[in-house]
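**Student:** Contents of data-v7.txt (compact mmCIF, C-alpha atoms) are given next:
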```
# COMPACT_ATOMS: atom_id res chain seq x y z
CA MET A 6 66.73 50.91 69.60
CA ASN A 7 66.34 54.48 68.39
CA ALA A 8 68.94 55.85 66.02
CA PRO A 9 71.13 58.62 67.50
CA HIS A 10 69.93 62.14 66.83
CA ALA A 11 71.90 63.81 64.06
CA PRO A 12 72.20 67.59 63.86
CA SER A 13 70.37 69.26 61.02
CA THR A 14 72.74 70.17 58.21
CA ALA A 15 70.17 71.99 56.09
CA PRO A 16 71.42 75.56 55.71
CA GLU A 17 69.16 78.33 56.95
CA PRO A 18 68.98 80.73 54.03
CA LEU A 19 70.10 84.33 54.09
CA VAL A 20 67.14 86.31 52.76
CA ILE A 21 67.82 89.66 51.11
CA ALA A 22 65.06 91.65 49.43
CA GLY A 23 62.87 88.56 49.57
CA LYS A 24 65.35 86.24 47.82
CA PRO A 25 66.96 83.33 49.73
CA TYR A 26 70.65 82.50 49.47
CA ALA A 27 72.37 79.38 50.77
CA SER A 28 75.73 81.12 51.20
CA ARG A 29 76.31 83.78 53.83
CA LEU A 30 79.66 84.77 52.35
CA LEU A 31 79.52 87.64 49.87
CA THR A 32 82.65 88.43 47.88
CA GLY A 33 84.11 91.28 45.92
CA THR A 34 85.56 91.11 42.43
CA GLY A 35 88.38 93.65 42.59
CA LYS A 36 92.13 93.29 43.21
CA PHE A 37 92.52 89.83 41.66
CA LYS A 38 95.35 89.37 39.13
CA ASP A 39 92.95 88.48 36.32
CA LEU A 40 89.39 87.41 35.58
CA ASP A 41 90.25 83.71 35.78
CA GLU A 42 91.50 84.09 39.34
CA THR A 43 88.36 86.08 40.12
CA ARG A 44 86.24 83.21 38.85
CA ARG A 45 88.16 80.48 40.70
CA ALA A 46 88.17 82.36 44.00
CA THR A 47 84.48 83.12 43.74
CA GLU A 48 83.72 79.46 43.12
CA ALA A 49 85.93 78.37 46.04
CA ALA A 50 84.13 80.81 48.33
CA GLY A 51 80.76 79.38 47.37
CA ALA A 52 79.51 82.95 47.03
CA GLU A 53 76.17 83.63 45.38
CA ILE A 54 76.26 87.42 45.70
CA VAL A 55 79.27 89.22 44.19
CA THR A 56 79.91 92.93 44.39
CA VAL A 57 81.04 94.91 41.36
CA ALA A 58 82.46 98.42 41.49
CA ILE A 59 80.63 100.07 38.61
CA ARG A 60 83.20 102.86 38.31
CA ARG A 61 86.11 100.42 38.11
CA SER A 62 84.82 97.23 36.44
CA ASN A 63 83.54 96.59 32.95
CA ILE A 64 80.12 94.95 32.86
CA GLY A 65 79.31 96.04 29.34
CA GLN A 66 79.88 99.78 29.36
CA ASN A 67 83.26 99.29 27.60
CA PRO A 68 82.55 96.89 24.68
CA GLY A 69 86.20 96.49 23.67
CA GLU A 70 87.41 95.34 27.11
CA PRO A 71 87.12 92.00 28.99
CA ASN A 72 83.69 91.77 30.59
CA LEU A 73 83.41 90.57 34.20
CA LEU A 74 80.00 89.08 33.42
CA ASP A 75 81.63 86.59 31.06
CA VAL A 76 83.22 84.79 34.04
CA LEU A 77 80.54 85.60 36.63
CA PRO A 78 77.31 85.35 34.63
CA PRO A 79 74.15 86.90 36.12
CA ASP A 80 72.21 83.68 35.59
CA ARG A 81 74.50 82.03 38.16
CA TYR A 82 75.36 84.91 40.50
CA THR A 83 73.47 87.85 41.92
CA ILE A 84 75.47 90.83 40.74
CA LEU A 85 75.62 93.51 43.42
CA PRO A 86 76.68 96.82 41.87
CA ASN A 87 78.42 99.05 44.40
CA THR A 88 79.26 102.73 44.51
CA ALA A 89 82.92 102.34 45.53
CA GLY A 90 84.85 105.53 44.87
CA CYS A 91 81.87 107.84 45.39
CA TYR A 92 82.28 110.72 47.85
CA THR A 93 78.89 112.44 47.52
CA ALA A 94 75.29 111.29 47.60
CA GLU A 95 74.83 112.64 44.07
CA GLU A 96 77.70 110.52 42.70
CA ALA A 97 76.39 107.42 44.43
CA VAL A 98 72.83 107.86 43.15
CA ARG A 99 74.06 108.49 39.61
CA THR A 100 76.24 105.35 39.76
CA CYS A 101 73.34 103.18 40.92
CA ARG A 102 71.14 104.47 38.14
CA LEU A 103 73.86 103.66 35.61
CA ALA A 104 74.08 100.12 37.02
CA ARG A 105 70.32 99.73 36.67
CA GLU A 106 70.58 100.64 33.00
CA LEU A 107 73.52 98.32 32.35
CA LEU A 108 71.84 95.39 34.12
CA ASP A 109 68.39 95.73 32.56
CA GLY A 110 66.50 97.20 35.49
CA HIS A 111 68.44 95.48 38.30
CA LYS A 112 67.34 96.98 41.64
CA LEU A 113 69.71 95.47 44.23
CA VAL A 114 72.69 97.75 44.94
CA LYS A 115 75.35 98.25 47.55
CA LEU A 116 75.57 101.86 48.65
CA GLU A 117 78.81 103.27 49.99
CA VAL A 118 79.68 106.95 50.22
CA LEU A 119 83.21 107.54 51.47
CA GLY A 120 84.37 110.39 53.67
CA ASP A 121 88.06 110.64 52.81
CA GLN A 122 90.74 108.81 50.85
CA ARG A 123 93.01 107.99 53.80
CA THR A 124 90.62 106.05 56.04
CA LEU A 125 87.83 105.26 53.56
CA PHE A 126 85.41 105.68 56.44
CA PRO A 127 81.82 106.24 55.32
CA ASP A 128 80.42 109.75 55.21
CA VAL A 129 77.29 109.01 57.21
CA VAL A 130 75.51 112.25 56.33
CA GLN A 131 75.93 111.65 52.60
CA THR A 132 75.09 107.97 53.06
CA LEU A 133 71.77 108.80 54.71
CA ALA A 134 70.90 111.26 51.94
CA ALA A 135 71.75 108.78 49.19
CA ALA A 136 69.87 105.96 50.90
CA GLU A 137 66.70 108.05 51.14
CA THR A 138 66.89 108.97 47.45
CA LEU A 139 67.61 105.43 46.25
CA VAL A 140 64.88 103.80 48.35
CA ALA A 141 62.39 106.38 47.08
CA ASP A 142 63.55 105.59 43.53
CA GLY A 143 62.71 101.89 43.93
CA PHE A 144 66.15 100.45 44.65
CA ASP A 145 66.80 97.63 47.11
CA VAL A 146 69.66 99.14 49.06
CA MET A 147 72.34 97.26 50.98
CA VAL A 148 74.26 99.98 52.78
CA TYR A 149 77.86 100.20 54.00
CA THR A 150 78.10 102.22 57.19
CA SER A 151 79.97 102.76 60.43
CA ASP A 152 79.34 100.51 63.43
CA ASP A 153 77.07 103.08 65.10
CA PRO A 154 73.94 101.26 66.37
CA LEU A 155 71.75 104.37 66.12
CA LEU A 156 72.78 105.02 62.53
CA ALA A 157 72.24 101.38 61.62
CA LYS A 158 68.70 101.56 62.96
CA ARG A 159 68.03 104.78 61.06
CA LEU A 160 69.16 103.21 57.79
CA GLU A 161 66.85 100.27 58.43
CA GLU A 162 63.96 102.67 59.10
CA ILE A 163 64.65 104.45 55.81
CA GLY A 164 64.01 101.14 54.07
CA CYS A 165 67.44 99.62 53.38
CA VAL A 166 67.17 95.84 52.87
CA ALA A 167 70.48 95.11 54.63
CA VAL A 168 72.83 97.12 56.84
CA MET A 169 76.57 96.51 56.46
CA PRO A 170 78.66 97.91 59.31
CA LEU A 171 82.42 97.90 59.03
CA ALA A 172 84.56 95.71 61.28
CA ALA A 173 87.61 97.91 60.66
CA PRO A 174 88.75 100.24 57.86
CA ILE A 175 88.40 98.92 54.31
CA GLY A 176 91.31 96.70 53.33
CA SER A 177 93.00 97.00 56.74
CA GLY A 178 92.72 93.34 57.73
CA LEU A 179 92.48 94.39 61.38
CA GLY A 180 89.48 92.20 62.13
CA ILE A 181 86.55 93.13 64.34
CA GLN A 182 87.53 96.08 66.50
CA ASN A 183 84.26 96.77 68.31
CA ARG A 184 82.32 93.57 68.71
CA TRP A 185 79.92 95.01 71.28
CA ASN A 186 78.64 97.63 68.84
CA LEU A 187 78.02 94.84 66.34
CA VAL A 188 76.08 92.85 68.93
CA GLU A 189 73.96 95.92 69.70
CA ILE A 190 73.24 96.40 65.99
CA VAL A 191 72.37 92.73 65.49
CA GLU A 192 70.07 92.52 68.50
CA ASN A 193 68.02 95.52 67.39
CA ALA A 194 67.81 94.78 63.67
CA LYS A 195 64.93 93.41 61.63
CA VAL A 196 66.98 93.28 58.41
CA PRO A 197 70.17 91.28 57.71
CA ILE A 198 73.35 92.63 59.27
CA ILE A 199 76.40 91.86 57.14
CA VAL A 200 79.91 92.74 58.26
CA ASP A 201 81.64 94.66 55.49
CA ALA A 202 85.30 95.74 55.54
CA GLY A 203 88.24 94.96 57.79
CA VAL A 204 88.18 91.15 57.80
CA GLY A 205 91.72 89.77 57.48
CA THR A 206 91.55 86.04 57.97
CA ALA A 207 89.20 83.15 58.62
CA SER A 208 88.99 83.66 62.39
CA ASP A 209 87.71 87.21 61.83
CA ALA A 210 84.88 85.89 59.67
CA ALA A 211 84.04 83.20 62.21
CA ILE A 212 83.88 85.75 65.04
CA ALA A 213 81.51 87.97 63.03
CA MET A 214 79.18 85.03 62.54
CA GLU A 215 79.48 83.88 66.18
CA LEU A 216 78.33 87.37 67.25
CA GLY A 217 75.10 86.79 65.32
CA CYS A 218 75.79 88.67 62.10
CA ASP A 219 73.86 87.33 59.14
CA GLY A 220 76.77 87.32 56.73
CA VAL A 221 80.19 88.68 55.83
CA LEU A 222 81.31 90.54 52.73
CA MET A 223 85.01 90.62 51.85
CA ASN A 224 87.36 91.30 48.98
CA THR A 225 90.89 92.24 50.06
CA ALA A 226 91.19 89.41 52.58
CA ILE A 227 90.76 86.94 49.72
CA ALA A 228 92.25 88.76 46.73
CA GLY A 229 95.28 89.96 48.72
CA ALA A 230 96.16 86.54 50.14
CA LYS A 231 99.19 84.63 48.85
CA ASP A 232 96.78 81.96 47.60
CA PRO A 233 93.43 83.69 46.96
CA VAL A 234 91.60 80.53 45.95
CA LEU A 235 92.66 78.65 49.09
CA MET A 236 91.81 81.64 51.28
CA ALA A 237 88.38 81.83 49.66
CA HIS A 238 87.80 78.21 50.65
CA ALA A 239 88.97 78.94 54.20
CA MET A 240 86.57 81.87 54.45
CA LYS A 241 83.70 79.70 53.27
CA LEU A 242 84.37 77.19 56.05
CA ALA A 243 84.83 79.95 58.64
CA VAL A 244 81.49 81.57 57.86
CA GLU A 245 79.74 78.19 58.01
CA ALA A 246 81.43 77.27 61.30
CA GLY A 247 80.72 80.62 62.88
CA ARG A 248 77.06 80.46 61.95
CA ALA A 249 76.75 76.93 63.32
CA ALA A 250 78.44 77.95 66.58
CA PHE A 251 76.07 80.91 66.96
CA LYS A 252 73.04 78.72 66.40
CA ALA A 253 74.38 76.05 68.79
CA GLY A 254 74.88 78.55 71.64
CA ARG A 255 78.24 78.87 73.35
CA ILE A 256 78.86 78.07 77.00
CA PRO A 257 78.91 80.99 79.46
CA ARG A 258 82.27 82.58 80.22
CA LYS A 259 83.48 81.93 83.79
CA ARG A 260 86.38 83.18 85.85
CA PHE A 261 87.25 79.74 87.24
CA ALA A 262 87.62 76.18 86.03
CA SER A 263 84.65 73.86 85.66
CA ALA A 264 85.54 70.17 85.50
CA SER A 265 84.42 68.37 82.35
CA SER A 266 83.76 65.21 84.39
CA PRO A 267 81.76 65.19 87.66
CA VAL A 268 83.68 64.43 90.85
CA ASP A 269 80.77 62.70 92.62
CA GLY A 270 81.04 58.94 92.75
CA LEU A 271 84.76 58.71 92.05
CA ILE A 272 86.26 55.38 93.11
CA GLY A 273 88.38 55.62 96.26
```
In structure tokens, write the structure found in this file.

**Tutor:**
Amino acid sequence: MNAPHAPSTAPEPLVIAGKPYASRLLTGTGKFKDLDETRRATEAAGAEIVTVAIRRSNIGQNPGEPNLLDVLPPDRYTILPNTAGCYTAEEAVRTCRLARELLDGHKLVKLEVLGDQRTLFPDVVQTLAAAETLVADGFDVMVYTSDDPLLAKRLEEIGCVAVMPLAAPIGSGLGIQNRWNLVEIVENAKVPIIVDAGVGTASDAAIAMELGCDGVLMNTAIAGAKDPVLMAHAMKLAVEAGRAAFKAGRIPRKRFASASSPVDGLIG
């Protein structure tokens, strides 16, 4: 008698700039109460890529202050410097070059150029300009952008290694507001698509993955929770479940009921 078929549990890696990662959940390092909570939440999330705001976090540029790299060492995590707080292409490029110096030639960066302080929406014109400069300068650019499918494709064509459309405004917790734009981006992409910004809870992360996104990046949803470490664990499970559901293939939506059991052959 043949043994029952068991589903494969081997994770399909997320590949960014040629490097495979088992986890599809990327996490931020800001807004936690201290470095110990940052470490514990990152571990609970199972994250392998962690973003660091170069203009707000100490990774060695301030020798007399606590160093984030002491709790999230680069030999264990891929440090993803980001340009949070930059409002021009020039600021963003300068910040990435500083990160490269601080991290001994590190090339992988997260580019974000903001348009205004109220919405924190990306300035897409400045983002395009910065992306072109950074790619030409040898950086591997993961880019935060709006959920415009045409813009996402243009950033891919420039040479960005991952495109990161927002689900909703940064820190809003509103969840995915335009899932059909995300599907359009995913279906036309040849690089990883990672939802960045707007996730509020585990179901939001699961939906992003069910739509076919390659990963989710979040900070506020974890750091701002009442129990950040527990929420980090919940997000880990949500991303894994959403990815599995996407790979399994959901049933079609129908207007009417469809009986789970066939009616043919019923007794009586």

**Student:** Counting all atoms listed in the file, what is within 8 Å of Gly203 in chain A, bar same-chain residues fewer than 2 positions away, as a compact mmCIF listing (two decimals) with C-alpha atoms, in the frame of the given file?

**Tutor:**
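File written: selection.txt
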```
# COMPACT_ATOMS: atom_id res chain seq x y z
CA LEU A 171 82.42 97.90 59.03
CA ALA A 172 84.56 95.71 61.28
CA ALA A 173 87.61 97.91 60.66
CA PRO A 174 88.75 100.24 57.86
CA ILE A 175 88.40 98.92 54.31
CA GLY A 176 91.31 96.70 53.33
CA SER A 177 93.00 97.00 56.74
CA GLY A 178 92.72 93.34 57.73
CA LEU A 179 92.48 94.39 61.38
CA GLY A 180 89.48 92.20 62.13
CA ILE A 181 86.55 93.13 64.34
CA ASP A 201 81.64 94.66 55.49
CA GLY A 205 91.72 89.77 57.48
```

**Student:** Give the answer as one residue: which of A:Thr132, A:Ser151, A:Asn72, A:Gln122 has the shortest atom-to-atom distance to Gln182 in chain A, using all atoms listed in the file?

**Tutor:** A:Ser151

**Student:** Pick the closest to Val55 in chain A from A:Val200, A:Ala141, A:Ala213, A:Leu74: which is it, counting only C-alpha atoms?

**Tutor:**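 Of the candidates, the smallest distance to Val55 in chain A is held by A:Leu74.
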
**Student:** To one decimal in Å, tell me the separation between CA of Lys259 in chain A and CA of Asp219 in chain A.

**Tutor:**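 If I compute the distance from CA of Lys259 in chain A to CA of Asp219 in chain A, I get 27.0 Å.
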
**Student:** So how many Å separate CA of Thr32 in chain A and CA of Ala157 in chain A, to one decimal?

**Tutor:** 21.6 Å

**Student:** Which polymer residues, protein or nucleic acid, are no farther than 7 Å from (78.4, 103.4, 59.9), counting all atoms listed in the file, as a PyMOL selection string?

**Tutor:** chain A and resi 127+129+149-153+156-157+170-171

**Student:** May I ask for the distance between CA of Ala46 in chain A and CA of Gly229 in chain A, given in Å to one decimal place?

**Tutor:**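 Taking CA of Ala46 in chain A as the start and CA of Gly229 in chain A as the end point, the length is 11.4 Å.
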
**Student:** Measuring atom to atom with only C-alpha atoms, identify which of A:Leu125, A:Ile163, A:Ala49, A:Ile21 is nearest to His238 in chain A.

**Tutor:** A:Ala49

**Student:** Cys165 in chain A: which residues within 9 Å, counting only C-alpha atoms, same-chain residues fewer than 6 positions away excluded, as a CSV table (one decimal) with C-alpha atoms, in the coordinates of the input?

**Tutor:**
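Dumped to selection_19.csv:
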```csv
chain,number,residue,atom,x,y,z
A,136,ALA,CA,69.9,106.0,50.9
A,137,GLU,CA,66.7,108.0,51.1
A,140,VAL,CA,64.9,103.8,48.4
A,144,PHE,CA,66.2,100.4,44.6
A,145,ASP,CA,66.8,97.6,47.1
A,146,VAL,CA,69.7,99.1,49.1
A,147,MET,CA,72.3,97.3,51.0
A,148,VAL,CA,74.3,100.0,52.8
A,196,VAL,CA,67.0,93.3,58.4
```

**Student:** Compile the contact shell of Trp185 in chain A as a list in words: residues with an atom at most 10 Å away, counting only C-alpha atoms, same-chain residues fewer than 6 positions apart removed.

**Tutor:**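 Near neighbours after the sequence-gap exclusion: Asp152, Pro154, Val191 and Leu216 of chain A.
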
**Student:** Write out as a ChimeraX atom specification which residues come within 12 Å of Asp109 in chain A when counting only C-alpha atoms, dropping same-chain ones fewer than 3 positions away.

**Tutor:** /A:64-65,79,84,102-106,112-113
